[in-house]
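Notes follow once the structure below has been shown.
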Amino acid sequence: MEPADTPRSSSLKELEDRDLVALLVERREDALAELYDRHVSMLLALAQRVLGTPEEAEEVVQEALLQVWNQAERYSPDRSSVSTWMVLIARSRAIDRLRKRKVVEKTAVAAQREEGAGHTSPEGARAVLHYERGNRLRAELARLPGEQREVLEKAFFEGMTQREIAEATGIPLGTVKTRTLLAMKKLRTALRDDLEALL
C-alpha cells in the first residue's frame, strides 16, 4: 500500500465513494484504505449491535471489507450508495455469524443433554450434528418436486449413477442430469446456512 502522505493517496480524499470503488477494481489498496477510514466506525457500530462483542464485530468488518475488495466490480451506483452497499454486506456477514453461533450453542446444549450433565464429548457433539443434519436434509428432500426427489434418492440411497437411473426409469439421460442439477441447487440454497454452521 502506498504511504498515506503521497500525492496520489492524499488526492483520494477528494474522490467520491463510487470513484474509490472503481479504483478497487484496479486493485488499488490505497482506495480500500480510504473507504475503510470513511466507513469503519459505522460498520463496527452495526456489527457490534448485531453480535454484542467488539472482537466479533472487528472480525466481521474485516470480512466485509475483504468482500468489498473481491466484489468491487459487482457494485452498481444505480442500486445503492457505496455506504449502503457496505452496510448491507457487513449486516449480512454479522447475521450469518450470529446464526452460526446459535446453531453451535443449540448443538452444544443438545449434545450435553444427550451425554448427561457431566460433560460433552466430541463424539456426542458429532452425533448430534450428524442427526440434525440428517433431519434437515430429509425435510428438504421431502419439499422437492417428486421427479427431482426420485433421481436424488436413487443416486444417494441406492448408489446409482445417472446413466443407471436413466436406464432404470426410462427417463432420458439429459433429463436425469437436469433434474439432479436443479434438485442439488435447491438443496444447496436451502441448506447453505445450516451446512456451513454444522460442517
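Labels for the C-alpha cells follow display order: chains A, B, ..., residues from 1 in each chain, ligands from 1.
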Got a sec: who's within 12 Å of Arg93 (chain A), counting only C-alpha atoms, leaving out chain neighbours fewer than 5 positions off, as a PyMOL selection string?
-> chain A and resi 43-44+46-48+50-51+56-68+86-88+98-100+193
Long-range neighbours of Leu173 (chain A) as a ChimeraX atom specification, 9 Å cut-off, only C-alpha atoms, 4 positions minimum in chain | /A:162-167,177-178
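Among A:Asp17, A:Asp30, A:Ala90, A:Ala22, the residue with the shortest atom-to-atom distance to Arg49 (chain A), counting only C-alpha atoms, is A:Ala90.
When only C-alpha atoms are used to measure the gap to Thr84 (chain A), the shortest distance among A:Arg138, A:Arg188, A:Arg27, A:Arg18 belongs to A:Arg18.
Note that CA of Arg97 (chain A) and CA of Pro54 (chain A) are 13.5 Å apart.
Minimum atom-to-atom distances from A:Val82, A:Trp69, A:Arg38, A:Ala45 to Glu26 (chain A) were compared using only C-alpha atoms, and the lowest value belongs to A:Trp69.
Taking CA of Val21 (chain A) as the reference point, CA of Leu35 (chain A) is found at 8.3 Å.
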Got a sec to tell me which of region 3-191 of chain A DSSP assigns to helix (DSSP H, G or I), as number ranges by chain?
-> A: 7-12, 17-25, 29-51, 54-70, 72-74, 82-115, 122-143, 146-156, 162-169, 173-191
Spatial neighbours of Gln148 (chain A), max dist 7 Å, only C-alpha atoms, sep filter under 2 positions, as a ChimeraX atom specification | /A:144-146,150-152,179-180,183
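Closest approach to Thr189 (chain A) among A:Leu15, A:Asp78, A:Leu137, A:Glu153: A:Leu137, based on only C-alpha atoms.
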